[in-house]
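Colleague: So I've got this file, upload-v9.cif, and it contains mmCIF, C-alpha atoms and all ligand atoms:
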```
data_structure
#
loop_
_atom_site.label_atom_id
_atom_site.label_comp_id
_atom_site.auth_asym_id
_atom_site.auth_seq_id
_atom_site.Cartn_x
_atom_site.Cartn_y
_atom_site.Cartn_z
CA MET A 582 1.64 19.71 32.24
CA LYS A 583 -1.70 18.10 33.15
CA PRO A 584 -2.63 14.85 31.42
CA SER A 585 -5.32 15.17 28.76
CA LEU A 586 -8.53 13.15 28.74
CA MET A 587 -7.44 12.24 25.20
CA ASP A 588 -4.56 10.22 26.69
CA TYR A 589 -6.96 7.46 27.71
CA THR A 590 -9.13 4.78 26.19
CA GLN A 591 -12.78 4.73 27.14
CA LYS A 592 -12.20 1.76 29.41
CA GLU A 593 -9.40 3.54 31.26
CA LEU A 594 -11.53 6.64 31.76
CA MET A 595 -14.34 4.47 33.11
CA GLN A 596 -12.00 3.24 35.81
CA MET A 597 -11.23 6.82 36.82
CA ILE A 598 -14.57 8.55 36.34
CA LYS A 599 -17.82 7.28 37.84
CA PRO A 600 -20.61 6.70 36.92
CA SER A 601 -19.44 5.34 33.60
CA PHE A 602 -22.26 6.82 31.51
CA ARG A 603 -20.59 10.17 32.15
CA VAL A 604 -17.54 8.89 30.29
CA LYS A 605 -19.71 8.12 27.25
CA GLN A 606 -21.05 11.67 27.41
CA ILE A 607 -17.55 13.11 27.77
CA PHE A 608 -16.38 10.99 24.84
CA GLY A 609 -19.23 12.46 22.77
CA TRP A 610 -18.21 16.00 23.73
CA MET A 611 -14.55 15.39 22.92
CA TYR A 612 -14.81 13.34 19.74
CA HIS A 613 -18.20 14.24 18.24
CA GLN A 614 -18.67 17.89 19.30
CA TYR A 615 -14.92 18.62 19.45
CA ALA A 616 -15.20 20.39 22.82
CA SER A 617 -11.82 21.90 23.68
CA ASP A 618 -12.51 22.41 27.38
CA PHE A 619 -14.88 21.42 30.17
CA ASP A 620 -17.02 24.58 29.88
CA ALA A 621 -18.57 23.35 26.66
CA MET A 622 -19.78 20.08 28.22
CA LYS A 623 -23.33 21.20 28.95
CA ASN A 624 -24.84 18.03 30.41
CA ILE A 625 -21.97 17.26 32.79
CA PRO A 626 -22.54 18.46 36.39
CA LYS A 627 -20.57 21.56 37.37
CA SER A 628 -19.03 19.86 40.41
CA MET A 629 -17.75 17.00 38.27
CA LYS A 630 -16.29 19.41 35.72
CA ALA A 631 -14.58 21.35 38.49
CA GLU A 632 -13.10 18.17 39.91
CA LEU A 633 -11.94 16.89 36.53
CA SER A 634 -10.42 20.20 35.52
CA GLU A 635 -8.15 20.05 38.58
CA LYS A 636 -6.53 16.93 37.18
CA PHE A 637 -7.01 16.99 33.41
CA VAL A 638 -7.23 19.19 30.35
CA VAL A 639 -9.51 18.27 27.44
CA ASN A 640 -7.68 19.23 24.23
CA PRO A 641 -4.00 19.95 25.00
CA LEU A 642 -3.32 21.74 21.69
CA THR A 643 -3.77 25.24 20.31
CA ILE A 644 -3.27 26.36 16.71
CA VAL A 645 -0.47 28.92 16.44
CA ASN A 646 -0.07 29.13 12.69
CA LYS A 647 -1.75 27.80 9.60
CA GLU A 648 -0.86 27.90 5.90
CA GLU A 649 -3.30 26.98 3.19
CA SER A 650 -2.23 25.85 -0.26
CA SER A 651 -4.17 26.33 -3.48
CA ASP A 652 -4.59 22.54 -3.75
CA GLY A 653 -6.47 22.36 -0.44
CA THR A 654 -3.52 21.27 1.72
CA ILE A 655 -3.45 23.04 5.08
CA LYS A 656 -0.41 22.90 7.27
CA TYR A 657 -0.83 23.61 10.99
CA LEU A 658 1.66 24.57 13.63
CA LEU A 659 0.28 23.34 16.95
CA GLN A 660 1.38 24.25 20.43
CA MET A 661 1.35 21.96 23.44
CA GLN A 662 0.90 22.84 27.10
CA ASP A 663 4.64 23.22 27.67
CA GLY A 664 4.92 25.70 24.79
CA LYS A 665 6.61 23.21 22.44
CA THR A 666 5.28 23.07 18.89
CA MET A 667 4.86 20.52 16.12
CA GLU A 668 3.11 20.21 12.78
CA ALA A 669 0.07 18.41 11.43
CA VAL A 670 -1.21 18.55 7.85
CA TRP A 671 -4.72 18.41 6.38
CA LEU A 672 -4.55 16.82 2.92
CA LYS A 673 -7.30 16.79 0.35
CA MET A 674 -6.97 13.46 -1.42
CA LYS A 675 -9.98 13.51 -3.70
CA GLU A 676 -12.20 16.37 -4.85
CA GLU A 677 -15.92 16.09 -4.24
CA GLU A 678 -17.81 15.01 -7.33
CA ILE A 679 -21.14 16.45 -8.40
CA ASP A 680 -23.11 14.98 -11.33
CA CYS A 681 -24.85 16.96 -14.08
CA ASP A 682 -28.03 17.24 -11.99
CA GLY A 683 -26.10 18.88 -9.19
CA GLU A 684 -26.28 15.76 -7.00
CA LEU A 685 -23.32 14.84 -4.85
CA VAL A 686 -21.67 11.66 -6.21
CA HIS A 687 -19.08 11.45 -3.48
CA GLU A 688 -17.75 13.80 -0.84
CA ALA A 689 -14.17 15.05 -0.88
CA ARG A 690 -11.77 12.69 0.92
CA TYR A 691 -9.18 13.82 3.40
CA THR A 692 -6.10 12.47 5.12
CA ILE A 693 -4.48 13.91 8.22
CA CYS A 694 -0.72 13.65 8.60
CA VAL A 695 0.26 13.62 12.28
CA SER A 696 3.49 14.08 14.22
CA THR A 697 4.66 11.66 16.90
CA GLN A 698 7.62 13.56 18.37
CA VAL A 699 9.01 17.08 18.68
CA GLY A 700 12.13 16.69 16.56
CA CYS A 701 13.59 13.27 15.79
CA LYS A 702 16.50 11.12 16.94
CA VAL A 703 17.05 9.37 13.63
CA GLY A 704 18.84 12.31 12.03
CA CYS A 705 18.25 11.78 8.29
CA SER A 706 20.53 14.04 6.27
CA PHE A 707 17.73 15.20 3.93
CA CYS A 708 15.14 15.96 6.60
CA LEU A 709 14.51 19.38 8.08
CA THR A 710 12.95 17.94 11.25
CA ALA A 711 16.26 16.22 12.00
CA LYS A 712 18.18 19.50 11.93
CA GLY A 713 16.66 20.67 15.21
CA GLY A 714 17.61 17.46 17.03
CA PHE A 715 15.24 15.66 19.38
CA THR A 716 13.15 17.42 22.01
CA ARG A 717 10.57 14.97 23.32
CA ASP A 718 8.02 12.28 22.55
CA LEU A 719 4.41 13.29 22.10
CA THR A 720 1.90 11.78 24.50
CA ALA A 721 -0.93 9.63 23.11
CA GLY A 722 -3.31 12.52 23.82
CA GLU A 723 -1.17 14.95 21.84
CA ILE A 724 -1.24 12.57 18.88
CA VAL A 725 -5.01 12.06 19.14
CA ALA A 726 -5.67 15.79 19.64
CA GLN A 727 -4.03 16.63 16.29
CA VAL A 728 -6.84 14.80 14.49
CA VAL A 729 -9.54 16.32 16.70
CA THR A 730 -8.12 19.84 16.24
CA LEU A 731 -7.86 19.56 12.45
CA LYS A 732 -11.29 17.97 12.05
CA LYS A 733 -12.76 20.75 14.19
CA ASP A 734 -10.98 23.52 12.31
CA ASN A 735 -12.23 22.14 8.99
CA GLU A 736 -15.74 21.45 10.32
CA HIS A 737 -15.34 17.82 9.33
CA LYS A 738 -18.21 15.93 10.96
CA HIS A 739 -17.22 13.18 13.37
CA ASN A 740 -18.87 10.43 11.31
CA ARG A 741 -17.16 11.37 8.05
CA LYS A 742 -14.34 9.03 7.11
CA ILE A 743 -10.79 10.20 7.44
CA ASN A 744 -7.39 8.54 6.96
CA ILE A 745 -4.42 9.03 9.22
CA VAL A 746 -0.78 8.82 8.19
CA TYR A 747 1.93 8.96 10.84
CA MET A 748 4.25 10.90 8.56
CA GLY A 749 4.67 14.22 10.32
CA MET A 750 7.57 15.12 12.57
CA GLY A 751 9.36 12.33 14.37
CA GLU A 752 9.86 8.58 14.11
CA PRO A 753 6.63 6.84 15.22
CA LEU A 754 8.34 3.58 16.19
CA ASP A 755 10.69 5.48 18.48
CA ASN A 756 7.59 6.37 20.51
CA LEU A 757 5.94 2.98 20.19
CA ASP A 758 3.91 2.86 23.43
CA ASN A 759 2.22 6.22 22.89
CA LEU A 760 1.76 5.42 19.20
CA ALA A 761 0.02 2.13 20.01
CA LYS A 762 -2.18 3.85 22.55
CA ALA A 763 -3.16 6.58 20.07
CA ILE A 764 -3.99 3.95 17.43
CA GLN A 765 -6.35 2.30 19.92
CA ILE A 766 -7.99 5.56 21.00
CA PHE A 767 -8.60 6.47 17.35
CA LYS A 768 -10.33 3.12 16.89
CA GLU A 769 -12.85 3.57 19.75
CA ASP A 770 -16.42 3.06 18.51
CA ASP A 771 -17.84 5.81 20.71
CA GLY A 772 -15.00 8.15 19.79
CA LEU A 773 -13.49 9.00 16.42
CA CYS A 774 -14.06 5.46 15.14
CA ILE A 775 -11.11 5.48 12.74
CA GLY A 776 -10.33 1.85 11.96
CA ALA A 777 -6.78 0.52 11.90
CA LYS A 778 -7.07 -0.03 8.15
CA ARG A 779 -7.35 3.74 7.78
CA GLN A 780 -4.11 4.31 9.70
CA THR A 781 -0.65 4.05 8.16
CA VAL A 782 2.54 4.16 10.22
CA SER A 783 5.54 5.41 8.29
CA THR A 784 8.95 4.37 9.60
CA SER A 785 12.54 5.00 8.68
CA GLY A 786 13.03 1.29 9.33
CA LEU A 787 13.74 0.41 12.96
CA SER A 788 13.48 -3.29 12.14
CA THR A 789 13.20 -4.60 15.72
CA LYS A 790 10.37 -2.15 16.39
CA ILE A 791 8.62 -3.17 13.16
CA ASP A 792 8.52 -6.65 14.68
CA LYS A 793 7.17 -5.28 17.95
CA LEU A 794 4.43 -3.33 16.18
CA GLY A 795 3.58 -6.48 14.24
CA GLU A 796 3.33 -8.50 17.46
CA MET A 797 0.84 -5.98 18.85
CA ASP A 798 -1.40 -6.97 15.93
CA LEU A 799 -3.22 -3.65 15.83
CA GLY A 800 -4.13 -4.03 12.17
CA VAL A 801 -2.44 -0.85 10.95
CA HIS A 802 -0.61 -0.51 7.67
CA ILE A 803 3.05 0.25 7.46
CA ALA A 804 5.03 2.35 5.07
CA ILE A 805 8.79 1.94 4.93
CA SER A 806 10.94 4.95 4.12
CA LEU A 807 13.49 3.01 2.06
CA HIS A 808 15.01 5.78 -0.08
CA ALA A 809 18.07 3.78 -1.15
CA VAL A 810 18.84 0.32 -2.50
CA ASP A 811 22.34 -0.15 -1.13
CA ASP A 812 23.48 0.19 2.46
CA GLU A 813 26.23 2.68 1.68
CA LEU A 814 23.90 5.36 0.34
CA ARG A 815 21.16 4.48 2.82
CA SER A 816 23.57 4.94 5.73
CA GLU A 817 24.54 8.34 4.34
CA LEU A 818 20.87 9.37 4.16
CA ILE A 819 19.64 7.58 7.31
CA PRO A 820 22.51 7.09 9.80
CA MET A 821 20.75 4.42 11.85
CA ASN A 822 20.81 2.18 8.77
CA LYS A 823 24.13 1.00 10.14
CA ALA A 824 22.24 -0.69 12.98
CA HIS A 825 19.14 -1.63 10.99
CA ASN A 826 20.31 -2.34 7.47
CA ILE A 827 18.21 -2.88 4.35
CA ASN A 828 18.22 -6.64 4.69
CA SER A 829 16.97 -6.54 8.30
CA ILE A 830 14.12 -4.24 7.24
CA ILE A 831 13.07 -6.48 4.35
CA GLU A 832 13.07 -9.49 6.67
CA ALA A 833 10.97 -7.62 9.28
CA VAL A 834 8.49 -6.55 6.58
CA LYS A 835 8.12 -10.18 5.50
CA ARG A 836 7.17 -11.08 9.08
CA PHE A 837 4.73 -8.20 9.50
CA PRO A 838 1.04 -9.23 9.58
CA ILE A 839 -0.72 -7.53 6.70
CA ASP A 840 -4.22 -7.68 5.38
CA THR A 841 -4.02 -10.12 2.45
CA ARG A 842 -5.64 -7.60 0.13
CA LYS A 843 -3.21 -4.86 1.04
CA ARG A 844 0.35 -4.04 0.12
CA VAL A 845 3.26 -2.73 2.12
CA MET A 846 4.15 0.71 0.94
CA PHE A 847 7.80 1.53 0.28
CA GLU A 848 8.54 5.21 0.13
CA TYR A 849 11.44 6.17 -2.07
CA LEU A 850 12.59 9.75 -1.76
CA VAL A 851 14.14 10.62 -5.11
CA ILE A 852 17.17 12.92 -4.92
CA LYS A 853 18.83 14.26 -8.04
CA ASP A 854 22.03 12.40 -9.00
CA LYS A 855 21.90 10.32 -5.82
CA ASN A 856 19.31 7.63 -6.37
CA ASP A 857 17.35 8.67 -9.47
CA ASP A 858 19.14 6.40 -11.98
CA LEU A 859 17.73 3.29 -13.63
CA GLY A 860 20.46 1.16 -12.05
CA SER A 861 18.82 1.94 -8.68
CA ALA A 862 15.40 1.15 -10.14
CA LYS A 863 16.71 -2.23 -11.26
CA LYS A 864 18.09 -3.00 -7.79
CA LEU A 865 14.81 -1.92 -6.22
CA VAL A 866 12.86 -4.42 -8.34
CA LYS A 867 15.21 -7.16 -7.18
CA LEU A 868 15.03 -6.13 -3.54
CA LEU A 869 11.25 -6.15 -3.40
CA HIS A 870 10.90 -9.44 -5.24
CA GLY A 871 8.45 -11.70 -3.41
CA ILE A 872 6.92 -8.90 -1.31
CA LYS A 873 3.42 -7.58 -1.96
CA ALA A 874 4.72 -4.08 -2.29
CA LYS A 875 3.72 -0.73 -3.64
CA VAL A 876 6.33 1.94 -4.27
CA ASN A 877 5.62 5.60 -3.70
CA LEU A 878 8.18 7.86 -5.35
CA ILE A 879 8.58 11.21 -3.58
CA PHE A 880 10.25 14.25 -5.08
CA PHE A 881 12.88 15.57 -2.71
CA ASN A 882 11.51 18.88 -1.47
CA PRO A 883 14.42 21.31 -1.17
CA TYR A 884 14.83 23.88 1.61
CA GLU A 885 17.40 26.54 2.30
CA GLY A 886 20.79 25.16 3.21
CA THR A 887 20.28 21.60 1.95
CA GLU A 888 22.96 19.93 -0.15
CA TYR A 889 20.40 17.92 -2.14
CA ASP A 890 18.38 18.77 -5.25
CA ARG A 891 14.96 17.95 -6.57
CA PRO A 892 15.07 15.39 -9.41
CA SER A 893 13.72 16.22 -12.88
CA ARG A 894 10.20 15.09 -13.73
CA LYS A 895 11.65 13.24 -16.72
CA ASP A 896 13.95 11.09 -14.55
CA MET A 897 11.15 10.51 -12.09
CA ILE A 898 8.83 9.23 -14.81
CA ALA A 899 11.57 7.05 -16.33
CA PHE A 900 12.17 5.53 -12.87
CA GLN A 901 8.46 4.88 -12.42
CA GLU A 902 8.13 3.34 -15.90
CA TYR A 903 11.00 0.98 -15.19
CA LEU A 904 9.32 -0.27 -12.00
CA VAL A 905 5.90 -0.60 -13.60
CA ASN A 906 7.34 -2.44 -16.63
CA HIS A 907 8.93 -4.88 -14.22
CA GLY A 908 5.71 -5.65 -12.42
CA LEU A 909 5.85 -3.28 -9.45
CA LEU A 910 2.97 -1.07 -8.50
CA CYS A 911 4.30 2.45 -8.36
CA THR A 912 2.88 5.92 -7.91
CA ILE A 913 4.53 9.31 -7.83
CA ARG A 914 3.41 11.32 -4.83
CA ASP A 915 2.13 14.55 -6.25
CA SER A 916 3.80 17.23 -4.22
CA LYS A 917 0.91 18.58 -2.26
CA GLY A 918 1.18 22.08 -0.92
CA MET A 919 4.22 22.99 -3.02
CA ASP A 920 3.33 26.67 -2.67
CA ILE A 921 3.39 26.52 1.12
CA SER A 922 6.03 25.26 3.56
CA ALA A 923 5.36 21.72 2.44
CA ALA A 924 8.28 19.58 3.54
CA CYS A 925 8.19 18.25 7.04
CA GLY A 926 9.49 20.79 9.55
CA GLN A 927 9.29 23.82 7.27
CA LEU A 928 6.39 25.65 8.86
CA LYS A 929 7.89 25.22 12.30
CA GLU A 930 11.16 26.64 11.07
CA LYS A 931 9.54 29.55 9.29
CA THR A 932 7.42 30.52 12.30
CA GLU A 933 10.07 30.14 14.94
CA GLY A 934 13.30 30.50 12.98
CA GLU A 935 14.89 28.34 15.62
CA ILE A 936 16.55 25.60 13.60
N1 LIG A 1001 10.02 9.27 10.56
C1 LIG A 1001 9.13 8.63 9.69
C2 LIG A 1001 7.86 9.42 9.42
C3 LIG A 1001 8.01 10.90 9.28
S1 LIG A 1001 8.92 11.48 7.89
C4 LIG A 1001 9.81 8.27 8.38
O1 LIG A 1001 10.93 8.72 8.15
O2 LIG A 1001 9.20 7.51 7.63
C5 LIG A 1001 7.71 11.26 6.62
C6 LIG A 1001 8.26 11.24 5.21
O3 LIG A 1001 8.72 12.54 4.81
C7 LIG A 1001 9.43 10.27 5.04
O4 LIG A 1001 9.20 9.35 4.00
C8 LIG A 1001 10.55 11.21 4.72
O5 LIG A 1001 11.49 10.60 3.94
C9 LIG A 1001 9.87 12.38 4.02
N2 LIG A 1001 10.69 13.57 3.95
C10 LIG A 1001 11.51 14.08 4.88
N3 LIG A 1001 12.15 15.18 4.40
C11 LIG A 1001 11.71 15.36 3.14
C12 LIG A 1001 11.99 16.33 2.12
N4 LIG A 1001 12.83 17.33 2.31
N5 LIG A 1001 11.35 16.18 0.93
C13 LIG A 1001 10.45 15.19 0.73
N6 LIG A 1001 10.15 14.26 1.64
C14 LIG A 1001 10.77 14.35 2.85
FE1 LIG A 1002 13.10 11.41 11.53
FE2 LIG A 1002 11.60 10.58 9.44
FE3 LIG A 1002 12.91 12.97 9.38
FE4 LIG A 1002 14.30 10.71 9.26
S1 LIG A 1002 12.79 11.43 7.73
S2 LIG A 1002 14.80 12.48 10.55
S3 LIG A 1002 13.13 9.38 10.59
S4 LIG A 1002 11.25 12.39 10.73
#
```
Transcribe the structure of this file into structure tokens.
Ligand code: SAH
Ligand code: SF4

Modeller:
Amino acid sequence: MKPSLMDYTQKELMQMIKPSFRVKQIFGWMYHQYASDFDAMKNIPKSMKAELSEKFVVNPLTIVNKEESSDGTIKYLLQMQDGKTMEAVWLKMKEEEIDCDGELVHEARYTICVSTQVGCKVGCSFCLTAKGGFTRDLTAGEIVAQVVTLKKDNEHKHNRKINIVYMGMGEPLDNLDNLAKAIQIFKEDDGLCIGAKRQTVSTSGLSTKIDKLGEMDLGVHIAISLHAVDDELRSELIPMNKAHNINSIIEAVKRFPIDTRKRVMFEYLVIKDKNDDLGSAKKLVKLLHGIKAKVNLIFFNPYEGTEYDRPSRKDMIAFQEYLVNHGLLCTIRDSKGMDISAACGQLKEKTEGEI
């Protein structure tokens, strides 16, 4: 597997490729024109392209499958150089708005959900990605290339704003070095120029790594996959809760540097008859007391062979109302792409049938 040019920051590339104005041009080809290979880079000398192509690839990913939902969600199965695959999702967050004169009020807004690993070591009992075990970490370039590939496929211009959520396959904090590198490459002014405030890292709660990410002071947001309010149930759902219990996560969140105007998101996967009762809602209010939090309730998305069920909408709304009435900001994540293989890991399984 050759390294990808997308594995490096502009500064790093400038140390490897001379003269440095060529790096600016290459950056433009990769991140503004979405060139997948060296052939497309018209103003780069042939000899330089030949030399670079001996050592590097440009975009290390190819699209192997794609499913489009009626709500605009598109799920991609992407293949890496070693043949391994992972998923990335294109999410339409807001429709474009056109006024009565036919003028555009605002453009549609999109979020890209990226993977950080092939498989996952955490092994959550409700998660399809966990069923296939852990294969390998993604490189920084493979993380960055997901955004480039999806923007290209959707003809999304480089200067249009986009949000990134690290909520695809894998545990981002288990691949912290490559994650941090990708965050920095996304931020590059001459590249994709996606600010840290537009990037949200979702974690199952490796509390020591939350501290490490905080110390790096990259400016990203975090989302905590909490899912349970007592350690017994949380350990059943997320085995590593035994090592990083709820209390240690809450303490790490309190230490995490956040933008004063922003809130830490707590994701709460609602599973029928497991954690959908108002007693849990009450405990959740208590647990998050004193934290500038926002709760995102997620419907459990069932798949074949799972022991868990999707909660009723009625229970979900009652849960939300309890939190809101007790002063917590709370949204219900509308299940995007319900008509396609929406839950994490489903498209991979369907295409390869390997799990
Ligand atoms: N490993 C990280 C990020 C990837 S998982 C984490 O756990 O936060 C992203 C989100 O998808 C998590 O909140 C996870 O709980 C959720 N998820 C996993 N399986 C799901 C399912 N079957 N239905 C709904 N959400 C699911
Ligand atoms: Fe890994 Fe997140 Fe799935 Fe848990 S929910 S197994 S941490 S990807």

Colleague: Which value, in Å to one decimal, gives the distance between CA of Lys636 (chain A) and CA of Tyr589 (chain A)?

Modeller: 13.4 Å

Colleague: Set the cut-off to 8 Å, count all atoms listed in the file, and list whatever residues fall near ligand LIG 1002 (chain A) as a list in words.

Modeller: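 I would give the residues around ligand LIG 1002 (chain A) as Gly700, Cys701, Lys702, Val703, Gly704, Cys705, Ser706, Phe707, Cys708, Leu709, Thr710, Ala711, Lys712, Met748, Gly749, Met750, Gly751, Glu752, Thr784, Ser785, Ser806, Ile819 and Cys925 of chain A.
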
Colleague: Just C-alpha atoms for this one: save the residues we selected as a compact mmCIF listing (two decimals), keeping the file's coordinate frame.

Modeller:
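As a result, selection.txt now contains:
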```txt
# COMPACT_ATOMS: atom_id res chain seq x y z
CA GLY A 700 12.13 16.69 16.56
CA CYS A 701 13.59 13.27 15.79
CA LYS A 702 16.50 11.12 16.94
CA VAL A 703 17.05 9.37 13.63
CA GLY A 704 18.84 12.31 12.03
CA CYS A 705 18.25 11.78 8.29
CA SER A 706 20.53 14.04 6.27
CA PHE A 707 17.73 15.20 3.93
CA CYS A 708 15.14 15.96 6.60
CA LEU A 709 14.51 19.38 8.08
CA THR A 710 12.95 17.94 11.25
CA ALA A 711 16.26 16.22 12.00
CA LYS A 712 18.18 19.50 11.93
CA MET A 748 4.25 10.90 8.56
CA GLY A 749 4.67 14.22 10.32
CA MET A 750 7.57 15.12 12.57
CA GLY A 751 9.36 12.33 14.37
CA GLU A 752 9.86 8.58 14.11
CA THR A 784 8.95 4.37 9.60
CA SER A 785 12.54 5.00 8.68
CA SER A 806 10.94 4.95 4.12
CA ILE A 819 19.64 7.58 7.31
CA CYS A 925 8.19 18.25 7.04
```

Colleague: Take CA of Asn735 (chain A) and CA of Gly653 (chain A) and report the distance between them in Å, one decimal.

Modeller: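 Distance reported for this atom pair: 11.1 Å.
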
Colleague: When you count only C-alpha atoms, which of these residues is closest to Ala862 (chain A): A:Tyr903, A:Trp671, A:Tyr612, A:Phe847?

Modeller: A:Tyr903

Colleague: So, counting only C-alpha atoms and all ligand atoms, which residue among A:Ala669, A:Lys762, A:Val905, A:His870 is closest to ligand LIG 1001 (chain A)?

Modeller: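 Answer, going by the shortest atom-to-atom distance: A:Ala669.
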
Colleague: What does the structure give for the distance between CA of Lys875 (chain A) and CA of Val834 (chain A), in Å to one decimal?

Modeller: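 Atom-to-atom, CA of Lys875 (chain A) and CA of Val834 (chain A) are spaced 12.7 Å apart.
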
Colleague: Show me, as a count of residues only, the residues that have an atom within 9 Å of Thr912 (chain A) when counting all atoms listed in the file, minus same-chain residues fewer than 2 positions from it.

Modeller: 9

Colleague: With a distance cut-off of 10 Å and all atoms listed in the file, select the neighbouring residues of Met611 (chain A), excluding the residue or stretch itself and same-chain residues fewer than 4 positions from it, and output the selection as a PyMOL selection string.

Modeller: chain A and resi 586-587+605-607+615-619+621-622+639-640+726+729+772-773

Colleague: Restricted to C-alpha atoms, what would the selected residues look like written as a PDB file, keeping the file's coordinate frame?

Modeller:
```pdb
ATOM      1  CA  LEU A 586      -8.530  13.150  28.740  1.00  0.00           C
ATOM      2  CA  MET A 587      -7.440  12.240  25.200  1.00  0.00           C
ATOM      3  CA  LYS A 605     -19.710   8.120  27.250  1.00  0.00           C
ATOM      4  CA  GLN A 606     -21.050  11.670  27.410  1.00  0.00           C
ATOM      5  CA  ILE A 607     -17.550  13.110  27.770  1.00  0.00           C
ATOM      6  CA  TYR A 615     -14.920  18.620  19.450  1.00  0.00           C
ATOM      7  CA  ALA A 616     -15.200  20.390  22.820  1.00  0.00           C
ATOM      8  CA  SER A 617     -11.820  21.900  23.680  1.00  0.00           C
ATOM      9  CA  ASP A 618     -12.510  22.410  27.380  1.00  0.00           C
ATOM     10  CA  PHE A 619     -14.880  21.420  30.170  1.00  0.00           C
ATOM     11  CA  ALA A 621     -18.570  23.350  26.660  1.00  0.00           C
ATOM     12  CA  MET A 622     -19.780  20.080  28.220  1.00  0.00           C
ATOM     13  CA  VAL A 639      -9.510  18.270  27.440  1.00  0.00           C
ATOM     14  CA  ASN A 640      -7.680  19.230  24.230  1.00  0.00           C
ATOM     15  CA  ALA A 726      -5.670  15.790  19.640  1.00  0.00           C
ATOM     16  CA  VAL A 729      -9.540  16.320  16.700  1.00  0.00           C
ATOM     17  CA  GLY A 772     -15.000   8.150  19.790  1.00  0.00           C
ATOM     18  CA  LEU A 773     -13.490   9.000  16.420  1.00  0.00           C
TER      19      LEU A 773
END
```

Colleague: Padding 5 Å on each side, edges along x, y and z: where is the centre of the box around the listed atoms of region 804-807 of chain A, and how long are its edges in Å to one decimal? Output it as AutoDock Vina command-line options.

Modeller:
```
--center_x 9.3 --center_y 3.4 --center_z 3.6 --size_x 18.5 --size_y 13.0 --size_z 13.0
```
